[in-house]
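Q: My structure is stored as target02.csv, with CSV, N, CA and C atoms.
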```csv
chain,number,residue,atom,x,y,z
A,75,GLN,N,8.7,-11.1,-15.5
A,75,GLN,CA,7.4,-10.7,-15.1
A,75,GLN,C,7.3,-10.4,-13.6
A,76,VAL,N,6.7,-9.3,-13.3
A,76,VAL,CA,6.6,-8.9,-11.8
A,76,VAL,C,5.2,-8.9,-11.4
A,77,GLN,N,4.9,-9.3,-10.2
A,77,GLN,CA,3.5,-9.3,-9.7
A,77,GLN,C,3.6,-8.7,-8.3
A,78,LEU,N,2.6,-7.9,-7.9
A,78,LEU,CA,2.4,-7.4,-6.6
A,78,LEU,C,1.1,-8.1,-6.1
A,79,VAL,N,1.1,-8.8,-5.0
A,79,VAL,CA,0.0,-9.4,-4.4
A,79,VAL,C,-0.3,-8.9,-3.0
A,80,GLU,N,-1.5,-8.3,-2.9
A,80,GLU,CA,-2.0,-7.7,-1.6
A,80,GLU,C,-2.8,-8.7,-0.8
A,81,SER,N,-2.8,-8.6,0.5
A,81,SER,CA,-3.6,-9.3,1.4
A,81,SER,C,-3.9,-8.5,2.6
A,82,GLY,N,-5.0,-9.0,3.4
A,82,GLY,CA,-5.2,-8.3,4.7
A,82,GLY,C,-6.5,-7.4,4.7
A,83,GLY,N,-7.1,-7.2,3.6
A,83,GLY,CA,-8.3,-6.4,3.7
A,83,GLY,C,-9.5,-7.1,4.3
A,84,GLY,N,-10.6,-6.4,4.5
A,84,GLY,CA,-11.8,-7.0,5.1
A,84,GLY,C,-12.7,-6.0,5.7
A,85,LEU,N,-13.6,-6.5,6.5
A,85,LEU,CA,-14.6,-5.7,7.2
A,85,LEU,C,-14.2,-5.5,8.6
A,86,VAL,N,-14.2,-4.2,9.1
A,86,VAL,CA,-13.8,-3.9,10.5
A,86,VAL,C,-14.7,-2.8,11.0
A,87,GLN,N,-15.0,-2.9,12.3
A,87,GLN,CA,-15.8,-1.8,13.0
A,87,GLN,C,-15.0,-0.5,13.1
A,88,PRO,N,-15.7,0.6,13.2
A,88,PRO,CA,-15.0,1.8,13.5
A,88,PRO,C,-14.2,1.7,14.8
A,89,GLY,N,-12.9,2.3,14.7
A,89,GLY,CA,-12.0,2.2,15.8
A,89,GLY,C,-11.1,1.0,15.8
A,90,GLY,N,-11.4,0.0,14.9
A,90,GLY,CA,-10.6,-1.2,14.8
A,90,GLY,C,-9.4,-1.0,14.0
A,91,SER,N,-8.7,-2.1,13.8
A,91,SER,CA,-7.4,-2.1,13.1
A,91,SER,C,-7.3,-3.2,12.0
A,92,LEU,N,-6.5,-3.0,11.0
A,92,LEU,CA,-6.2,-4.0,10.0
A,92,LEU,C,-4.8,-3.8,9.6
A,93,ARG,N,-4.2,-4.9,9.1
A,93,ARG,CA,-2.8,-4.8,8.5
A,93,ARG,C,-2.8,-5.3,7.1
A,94,LEU,N,-2.5,-4.5,6.2
A,94,LEU,CA,-2.3,-4.9,4.8
A,94,LEU,C,-0.9,-5.3,4.5
A,95,SER,N,-0.8,-6.3,3.6
A,95,SER,CA,0.6,-6.7,3.1
A,95,SER,C,0.6,-6.7,1.6
A,96,CYS,N,1.7,-6.5,1.0
A,96,CYS,CA,1.9,-6.5,-0.4
A,96,CYS,C,3.3,-7.0,-0.7
A,97,ALA,N,3.3,-8.2,-1.4
A,97,ALA,CA,4.6,-8.8,-1.7
A,97,ALA,C,4.8,-8.7,-3.2
A,98,ALA,N,6.0,-8.3,-3.6
A,98,ALA,CA,6.5,-8.3,-5.0
A,98,ALA,C,7.2,-9.5,-5.3
A,99,SER,N,6.9,-10.1,-6.4
A,99,SER,CA,7.6,-11.4,-6.8
A,99,SER,C,7.9,-11.4,-8.3
A,100,GLY,N,8.7,-12.3,-8.7
A,100,GLY,CA,9.1,-12.4,-10.1
A,100,GLY,C,10.5,-12.0,-10.4
A,101,ARG,N,10.9,-11.6,-11.6
A,101,ARG,CA,12.2,-11.3,-12.0
A,101,ARG,C,12.6,-9.9,-11.5
A,102,ILE,N,13.1,-9.8,-10.3
A,102,ILE,CA,13.3,-8.5,-9.6
A,102,ILE,C,14.8,-8.3,-9.3
A,103,PHE,N,15.3,-7.2,-9.8
A,103,PHE,CA,16.7,-6.9,-9.4
A,103,PHE,C,16.8,-5.9,-8.3
A,104,ARG,N,15.8,-5.0,-8.3
A,104,ARG,CA,15.8,-3.9,-7.2
A,104,ARG,C,14.4,-3.3,-7.1
A,105,VAL,N,14.1,-3.0,-5.9
A,105,VAL,CA,12.8,-2.3,-5.6
A,105,VAL,C,13.1,-1.0,-4.9
A,106,ASN,N,12.7,0.1,-5.4
A,106,ASN,CA,12.9,1.4,-4.8
A,106,ASN,C,11.6,1.8,-4.0
A,107,ASP,N,11.0,2.9,-4.3
A,107,ASP,CA,9.9,3.4,-3.5
A,107,ASP,C,8.7,2.4,-3.6
A,108,MET,N,8.0,2.3,-2.5
A,108,MET,CA,6.8,1.4,-2.4
A,108,MET,C,5.7,2.3,-1.7
A,109,GLY,N,4.5,2.0,-2.0
A,109,GLY,CA,3.4,2.8,-1.4
A,109,GLY,C,2.1,2.2,-1.5
A,110,TRP,N,1.1,2.8,-0.8
A,110,TRP,CA,-0.3,2.4,-0.8
A,110,TRP,C,-1.1,3.6,-1.2
A,111,TYR,N,-2.1,3.3,-2.1
A,111,TYR,CA,-3.1,4.2,-2.5
A,111,TYR,C,-4.4,3.7,-2.2
A,112,ARG,N,-5.5,4.5,-2.3
A,112,ARG,CA,-6.8,4.0,-2.1
A,112,ARG,C,-7.8,4.8,-3.0
A,113,GLN,N,-8.9,4.1,-3.3
A,113,GLN,CA,-9.9,4.7,-4.1
A,113,GLN,C,-11.3,4.3,-3.6
A,114,ALA,N,-12.0,5.3,-3.2
A,114,ALA,CA,-13.4,5.1,-2.7
A,114,ALA,C,-14.3,5.3,-3.9
A,115,PRO,N,-15.5,4.8,-3.8
A,115,PRO,CA,-16.5,4.9,-4.9
A,115,PRO,C,-16.7,6.3,-5.2
A,116,GLY,N,-16.7,6.6,-6.5
A,116,GLY,CA,-16.9,8.0,-7.0
A,116,GLY,C,-15.8,9.0,-6.8
A,117,LYS,N,-14.7,8.5,-6.2
A,117,LYS,CA,-13.6,9.4,-5.9
A,117,LYS,C,-12.3,9.0,-6.7
A,118,GLN,N,-11.4,9.9,-6.8
A,118,GLN,CA,-10.1,9.6,-7.5
A,118,GLN,C,-9.2,8.8,-6.6
A,119,ARG,N,-8.3,8.1,-7.2
A,119,ARG,CA,-7.3,7.3,-6.4
A,119,ARG,C,-6.4,8.3,-5.7
A,120,GLU,N,-6.1,8.1,-4.4
A,120,GLU,CA,-5.2,9.0,-3.7
A,120,GLU,C,-4.1,8.3,-2.9
A,121,LEU,N,-3.0,9.0,-2.7
A,121,LEU,CA,-1.9,8.4,-2.0
A,121,LEU,C,-2.3,8.4,-0.5
A,122,VAL,N,-2.0,7.2,0.1
A,122,VAL,CA,-2.2,7.0,1.5
A,122,VAL,C,-0.9,7.2,2.2
A,123,ALA,N,0.1,6.4,1.8
A,123,ALA,CA,1.4,6.4,2.4
A,123,ALA,C,2.5,5.9,1.5
A,124,ALA,N,3.7,6.3,1.6
A,124,ALA,CA,4.8,5.9,0.8
A,124,ALA,C,6.1,5.7,1.6
A,125,ILE,N,7.0,4.8,1.1
A,125,ILE,CA,8.2,4.6,1.9
A,125,ILE,C,9.3,4.3,0.9
A,126,THR,N,10.5,5.0,1.1
A,126,THR,CA,11.6,4.7,0.3
A,126,THR,C,12.4,3.5,0.7
A,127,LYS,N,13.3,3.1,-0.1
A,127,LYS,CA,14.1,1.9,0.2
A,127,LYS,C,14.9,2.1,1.5
A,128,GLY,N,15.2,3.3,1.8
A,128,GLY,CA,15.9,3.6,3.0
A,128,GLY,C,15.1,3.8,4.2
A,129,GLY,N,13.7,3.8,4.0
A,129,GLY,CA,12.8,3.8,5.2
A,129,GLY,C,12.2,5.2,5.4
A,130,SER,N,12.4,6.2,4.6
A,130,SER,CA,11.8,7.5,4.8
A,130,SER,C,10.3,7.3,4.4
A,131,THR,N,9.4,8.0,5.1
A,131,THR,CA,8.0,7.8,4.9
A,131,THR,C,7.3,9.1,4.7
A,132,ASN,N,6.1,9.0,4.0
A,132,ASN,CA,5.3,10.1,3.7
A,132,ASN,C,3.8,9.7,3.8
A,133,TYR,N,3.0,10.5,4.5
A,133,TYR,CA,1.6,10.1,4.8
A,133,TYR,C,0.6,11.2,4.3
A,134,ALA,N,-0.5,10.8,3.9
A,134,ALA,CA,-1.6,11.7,3.6
A,134,ALA,C,-2.0,12.3,5.0
A,135,ASP,N,-2.4,13.6,5.0
A,135,ASP,CA,-2.8,14.2,6.3
A,135,ASP,C,-3.9,13.5,7.0
A,136,SER,N,-4.8,12.9,6.2
A,136,SER,CA,-6.0,12.2,6.7
A,136,SER,C,-5.7,10.9,7.5
A,137,VAL,N,-4.5,10.4,7.4
A,137,VAL,CA,-4.1,9.1,8.0
A,137,VAL,C,-2.9,9.3,9.0
A,138,LYS,N,-2.4,10.5,9.0
A,138,LYS,CA,-1.2,10.7,10.0
A,138,LYS,C,-1.6,10.4,11.4
A,139,GLY,N,-0.7,9.7,12.1
A,139,GLY,CA,-1.0,9.3,13.5
A,139,GLY,C,-1.9,8.1,13.6
A,140,ARG,N,-2.4,7.6,12.6
A,140,ARG,CA,-3.3,6.4,12.6
A,140,ARG,C,-2.7,5.2,11.8
A,141,PHE,N,-2.1,5.5,10.7
A,141,PHE,CA,-1.5,4.5,9.8
A,141,PHE,C,0.0,4.5,9.9
A,142,ILE,N,0.6,3.3,9.8
A,142,ILE,CA,2.0,3.2,9.7
A,142,ILE,C,2.4,2.3,8.5
A,143,ILE,N,3.3,2.8,7.7
A,143,ILE,CA,3.8,2.1,6.6
A,143,ILE,C,5.2,1.5,6.9
A,144,SER,N,5.5,0.3,6.5
A,144,SER,CA,6.8,-0.3,6.8
A,144,SER,C,7.1,-1.2,5.6
A,145,ARG,N,8.3,-1.7,5.6
A,145,ARG,CA,8.7,-2.6,4.5
A,145,ARG,C,9.8,-3.6,5.0
A,146,ASP,N,9.9,-4.7,4.3
A,146,ASP,CA,10.9,-5.7,4.5
A,146,ASP,C,11.6,-5.9,3.2
A,147,ASN,N,12.8,-5.2,3.1
A,147,ASN,CA,13.5,-5.2,1.8
A,147,ASN,C,13.9,-6.6,1.4
A,148,ALA,N,14.3,-7.5,2.3
A,148,ALA,CA,14.7,-8.8,2.0
A,148,ALA,C,13.5,-9.6,1.4
A,149,LYS,N,12.3,-9.3,1.7
A,149,LYS,CA,11.1,-10.0,1.2
A,149,LYS,C,10.4,-9.2,0.1
A,150,ASN,N,10.9,-8.0,-0.2
A,150,ASN,CA,10.2,-7.1,-1.2
A,150,ASN,C,8.8,-7.0,-0.9
A,151,THR,N,8.5,-6.7,0.4
A,151,THR,CA,7.2,-6.6,0.9
A,151,THR,C,7.0,-5.3,1.6
A,152,VAL,N,5.8,-4.7,1.4
A,152,VAL,CA,5.4,-3.5,2.1
A,152,VAL,C,4.1,-3.7,2.9
A,153,TYR,N,4.1,-3.1,4.1
A,153,TYR,CA,2.9,-3.3,5.0
A,153,TYR,C,2.2,-1.9,5.3
A,154,LEU,N,1.0,-2.0,5.6
A,154,LEU,CA,0.2,-0.8,6.1
A,154,LEU,C,-0.6,-1.2,7.3
A,155,GLN,N,-0.1,-0.8,8.5
A,155,GLN,CA,-0.8,-1.0,9.7
A,155,GLN,C,-1.8,0.2,9.8
A,156,MET,N,-3.1,-0.2,9.9
A,156,MET,CA,-4.2,0.8,10.0
A,156,MET,C,-4.9,0.7,11.3
A,157,ASN,N,-4.8,1.8,12.1
A,157,ASN,CA,-5.4,1.8,13.4
A,157,ASN,C,-6.5,2.9,13.5
A,158,SER,N,-7.3,2.8,14.5
A,158,SER,CA,-8.4,3.8,14.7
A,158,SER,C,-9.1,4.1,13.4
A,159,LEU,N,-9.5,3.0,12.7
A,159,LEU,CA,-10.2,3.1,11.4
A,159,LEU,C,-11.5,3.9,11.5
A,160,LYS,N,-11.8,4.6,10.5
A,160,LYS,CA,-13.0,5.4,10.4
A,160,LYS,C,-13.8,5.0,9.1
A,161,PRO,N,-15.1,5.2,9.1
A,161,PRO,CA,-15.9,4.9,7.9
A,161,PRO,C,-15.4,5.5,6.7
A,162,GLU,N,-14.8,6.7,6.8
A,162,GLU,CA,-14.3,7.3,5.6
A,162,GLU,C,-13.0,6.7,5.1
A,163,ASP,N,-12.4,5.7,5.8
A,163,ASP,CA,-11.3,5.0,5.3
A,163,ASP,C,-11.7,3.9,4.4
A,164,THR,N,-13.0,3.6,4.2
A,164,THR,CA,-13.5,2.6,3.4
A,164,THR,C,-13.1,2.9,1.9
A,165,ALA,N,-12.5,1.9,1.3
A,165,ALA,CA,-12.0,2.1,-0.1
A,165,ALA,C,-11.3,0.8,-0.5
A,166,VAL,N,-11.0,0.7,-1.8
A,166,VAL,CA,-10.1,-0.3,-2.3
A,166,VAL,C,-8.7,0.2,-2.2
A,167,TYR,N,-7.8,-0.6,-1.5
A,167,TYR,CA,-6.5,-0.2,-1.3
A,167,TYR,C,-5.5,-0.9,-2.3
A,168,TYR,N,-4.7,-0.1,-2.9
A,168,TYR,CA,-3.7,-0.6,-3.9
A,168,TYR,C,-2.3,-0.4,-3.5
A,169,CYS,N,-1.4,-1.3,-3.6
A,169,CYS,CA,0.0,-1.1,-3.4
A,169,CYS,C,0.7,-0.8,-4.7
A,170,ASN,N,1.8,-0.1,-4.7
A,170,ASN,CA,2.6,0.0,-5.9
A,170,ASN,C,4.1,0.0,-5.5
A,171,ALA,N,4.9,-0.3,-6.5
A,171,ALA,CA,6.3,-0.4,-6.2
A,171,ALA,C,7.1,0.0,-7.5
A,172,ASP,N,8.2,0.7,-7.4
A,172,ASP,CA,9.1,1.0,-8.5
A,172,ASP,C,10.1,-0.2,-8.5
A,173,VAL,N,10.0,-1.0,-9.6
A,173,VAL,CA,10.8,-2.2,-9.7
A,173,VAL,C,11.7,-2.2,-10.9
A,174,LEU,N,12.9,-2.6,-10.7
A,174,LEU,CA,13.8,-2.8,-11.8
A,174,LEU,C,13.8,-4.3,-12.2
A,175,SER,N,13.3,-4.6,-13.3
A,175,SER,CA,13.3,-5.9,-13.9
A,175,SER,C,14.1,-5.9,-15.2
A,176,SER,N,13.5,-5.9,-16.3
A,176,SER,CA,14.2,-5.6,-17.6
A,176,SER,C,14.4,-4.1,-17.7
A,177,ASN,N,13.6,-3.3,-17.0
A,177,ASN,CA,13.8,-1.9,-16.9
A,177,ASN,C,13.0,-1.4,-15.7
A,178,TRP,N,13.1,-0.1,-15.4
A,178,TRP,CA,12.3,0.4,-14.3
A,178,TRP,C,10.9,0.6,-14.7
A,179,PHE,N,10.0,0.2,-13.8
A,179,PHE,CA,8.5,0.3,-14.1
A,179,PHE,C,7.8,0.3,-12.7
A,180,LYS,N,6.7,1.2,-12.7
A,180,LYS,CA,5.9,1.2,-11.5
A,180,LYS,C,4.8,0.2,-11.6
A,181,HIS,N,4.8,-0.8,-10.8
A,181,HIS,CA,3.9,-1.9,-10.8
A,181,HIS,C,2.8,-1.7,-9.8
A,182,TRP,N,1.6,-2.2,-10.0
A,182,TRP,CA,0.4,-2.1,-9.1
A,182,TRP,C,-0.1,-3.4,-8.8
A,183,GLY,N,-0.6,-3.5,-7.5
A,183,GLY,CA,-1.3,-4.7,-7.1
A,183,GLY,C,-2.8,-4.6,-7.6
A,184,GLN,N,-3.5,-5.7,-7.4
A,184,GLN,CA,-4.9,-5.9,-7.9
A,184,GLN,C,-5.9,-5.1,-7.0
A,185,GLY,N,-5.5,-4.7,-5.8
A,185,GLY,CA,-6.4,-4.0,-4.9
A,185,GLY,C,-7.0,-5.0,-3.9
A,186,THR,N,-7.3,-4.4,-2.7
A,186,THR,CA,-7.9,-5.2,-1.6
A,186,THR,C,-9.0,-4.3,-1.0
A,187,GLN,N,-10.2,-4.8,-0.7
A,187,GLN,CA,-11.2,-4.0,-0.2
A,187,GLN,C,-11.1,-3.8,1.3
A,188,VAL,N,-11.2,-2.6,1.8
A,188,VAL,CA,-11.3,-2.3,3.2
A,188,VAL,C,-12.6,-1.6,3.5
A,189,THR,N,-13.4,-2.2,4.3
A,189,THR,CA,-14.7,-1.6,4.7
A,189,THR,C,-14.8,-1.4,6.2
A,190,VAL,N,-15.1,-0.2,6.6
A,190,VAL,CA,-15.2,0.2,8.0
A,190,VAL,C,-16.6,0.5,8.3
A,191,SER,N,-17.3,-0.3,9.0
A,191,SER,CA,-18.7,-0.1,9.2
A,191,SER,C,-19.1,-0.9,10.5
A,192,SER,N,-20.1,-0.3,11.2
A,192,SER,CA,-20.7,-1.0,12.3
A,192,SER,C,-21.9,-1.9,11.9
```
Show me, as structure tokens, the structure contained in the file I just sent.

A:
Amino acid sequence: QVQLVESGGGLVQPGGSLRLSCAASGRIFRVNDMGWYRQAPGKQRELVAAITKGGSTNYADSVKGRFIISRDNAKNTVYLQMNSLKPEDTAVYYCNADVLSSNWFKHWGQGTQVTVSS
């Protein structure tokens, strides 16, 4: 059984920063791609950033230059450093990971709320 547990969300003023973490645990043999998605009220879930096991990254245009995704392969953990936050970044942020346990499966975290407001 595999779990992804996120932390680090909260309320921040515009222009501020937050760092999200997501740790995968359980019966894990290998973790490949990891990523962060977000879903704002009334909108579809969208990709924010993704990172391969080798460290190649991909970002949504709306967050390029402001957000940084990174990972610690030894800890099966992915991070999202969010800088220069804007009110339109307000959403529930979800992490996901392609995990080999009994088979390959894309697992999701439970989500963490990020609110950018003055």

Q: Name the residues in contact with stretch 130-132 of chain A at a cut-off of 8 Å, using only C-alpha atoms, excluding same-chain residues fewer than 6 positions from it; report them as a compact mmCIF listing (two decimals) with N, CA and C atoms, keeping the file's coordinate frame.

A:
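What landed in result-v2.txt:
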```txt
# COMPACT_ATOMS: atom_id res chain seq x y z
N ALA A 123 0.10 6.40 1.80
CA ALA A 123 1.40 6.40 2.40
C ALA A 123 2.50 5.90 1.50
N ALA A 124 3.70 6.30 1.60
CA ALA A 124 4.80 5.90 0.80
C ALA A 124 6.10 5.70 1.60
N ILE A 143 3.30 2.80 7.70
CA ILE A 143 3.80 2.10 6.60
C ILE A 143 5.20 1.50 6.90
```

Q: For the point (5.3, -6.7, -6.7) in file coordinates, what residues are within 6 Å, counting only C-alpha atoms? Give the answer as a list in words?

A: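 Using only C-alpha atoms, the matching residues come out as Val76, Gln77, Leu78, Ala97, Ala98 and Ser99 of chain A.
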
Q: Go ahead and find all residues with at least one atom no further than 6.5 Å from (11.3, -3.8, -12.3) in the file's coordinates, using all atoms listed in the file; report them as a list of chain:residue names.

A: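 Residues with an atom close enough to that point: A:Arg101, A:Ile102, A:Phe103, A:Arg104, A:Asp172, A:Val173, A:Leu174, A:Ser175, A:Ser176, A:Asn177, A:Trp178, A:Phe179.
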
Q: Closest to A:Gly90 among A:Ser192, A:Thr186, A:Ser158, A:Asn170, using only N, CA and C atoms?

A: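 Closest candidate: A:Ser158.
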
Q: I'd like to know which of A:Lys127, A:Arg112, A:Arg93, A:His181 is closest to A:Tyr168, using only C-alpha atoms.

A: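 Of all the options, A:Arg112 lies closest to A:Tyr168.
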
Q: May I ask for the distance between atom CA of A:Lys149 and atom CA of A:Trp110, given in Å to one decimal place?

A: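 Rounded to one decimal, the two atoms are 17.0 Å apart.
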
Q: Tell me, in Å to one decimal, how far atom CA of A:Ala165 is from atom C of A:Gly82.

A: 12.0 Å

Q: So, with all atoms listed in the file as the atoms that count, which of A:Asn147, A:Gln155, A:Gln75, A:Gln113 lies closest to A:Ser91?

A: A:Gln155

Q: Rounded to one decimal in Å, what is the spacing between atom CA of A:Val166 and atom CA of A:Gly84?

A: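 About the pair atom CA of A:Val166 and atom CA of A:Gly84: they are 10.1 Å apart.
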
Q: Taking only C-alpha atoms into account, which of A:Asp163, A:Gly128, A:Gly183, A:Leu94 comes nearest A:Ile142?

A: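 Residue with the minimum atom-to-atom distance to A:Ile142: A:Leu94.
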
Q: A:Ala134: which residues within 9 Å, counting only C-alpha atoms, same-chain residues fewer than 5 positions away excluded, as a count of residues only?

A: 4

Q: Counting all atoms listed in the file, which residue out of A:Ser144, A:Gln118, A:Tyr153, A:Ile125 sits closest to A:Cys96?

A: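 Checking each candidate against A:Cys96, we get A:Tyr153 as the closest.
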
Q: Once 5 Å is added on each side, what are the centre and the three edge lengths, in Å to one decimal, of the axis-aligned box enclosing the listed atoms of stretch 155-172 of chain A? Present them as JSON.

A:
```
{"center_x": -2.9, "center_y": 3.0, "center_z": 3.1, "size_x": 36.0, "size_y": 18.6, "size_z": 33.2}
```

Q: Among chain A, which ones does DSSP place in strand (DSSP E or B), written as a PyMOL selection string?

A: chain A and resi 76-81+84-86+92-100+104-113+120-125+131-133+141-146+151-156+165-174+178-182+186-190

Q: List every residue of chain A that DSSP, applied to the backbone of this structure, assigns to helix (DSSP H, G or I), and report them as a PyMOL selection string.

A: chain A and resi 135-137+147-149+161-163

Q: Within 7 Å of A:Ser95, counting only C-alpha atoms, which residues qualify if same-chain residues fewer than 4 places away don't, as a PDB file with N, CA and C atoms, in the frame of the given file?

A:
```
ATOM      1  N   GLU A  80      -1.500  -8.300  -2.900  1.00  0.00           N
ATOM      2  CA  GLU A  80      -2.000  -7.700  -1.600  1.00  0.00           C
ATOM      3  C   GLU A  80      -2.800  -8.700  -0.800  1.00  0.00           C
ATOM      4  N   SER A  81      -2.800  -8.600   0.500  1.00  0.00           N
ATOM      5  CA  SER A  81      -3.600  -9.300   1.400  1.00  0.00           C
ATOM      6  C   SER A  81      -3.900  -8.500   2.600  1.00  0.00           C
ATOM      7  N   GLY A  82      -5.000  -9.000   3.400  1.00  0.00           N
ATOM      8  CA  GLY A  82      -5.200  -8.300   4.700  1.00  0.00           C
ATOM      9  C   GLY A  82      -6.500  -7.400   4.700  1.00  0.00           C
ATOM     10  N   THR A 151       8.500  -6.700   0.400  1.00  0.00           N
ATOM     11  CA  THR A 151       7.200  -6.600   0.900  1.00  0.00           C
ATOM     12  C   THR A 151       7.000  -5.300   1.600  1.00  0.00           C
ATOM     13  N   VAL A 152       5.800  -4.700   1.400  1.00  0.00           N
ATOM     14  CA  VAL A 152       5.400  -3.500   2.100  1.00  0.00           C
ATOM     15  C   VAL A 152       4.100  -3.700   2.900  1.00  0.00           C
ATOM     16  N   TYR A 153       4.100  -3.100   4.100  1.00  0.00           N
ATOM     17  CA  TYR A 153       2.900  -3.300   5.000  1.00  0.00           C
ATOM     18  C   TYR A 153       2.200  -1.900   5.300  1.00  0.00           C
ATOM     19  N   LEU A 154       1.000  -2.000   5.600  1.00  0.00           N
ATOM     20  CA  LEU A 154       0.200  -0.800   6.100  1.00  0.00           C
ATOM     21  C   LEU A 154      -0.600  -1.200   7.300  1.00  0.00           C
TER      22      LEU A 154
END
```

Q: Which residue, A:Thr126, A:Ala114, A:Lys180, A:Asn150, has the smallest gap to A:Val79 when you use only C-alpha atoms?

A: A:Asn150
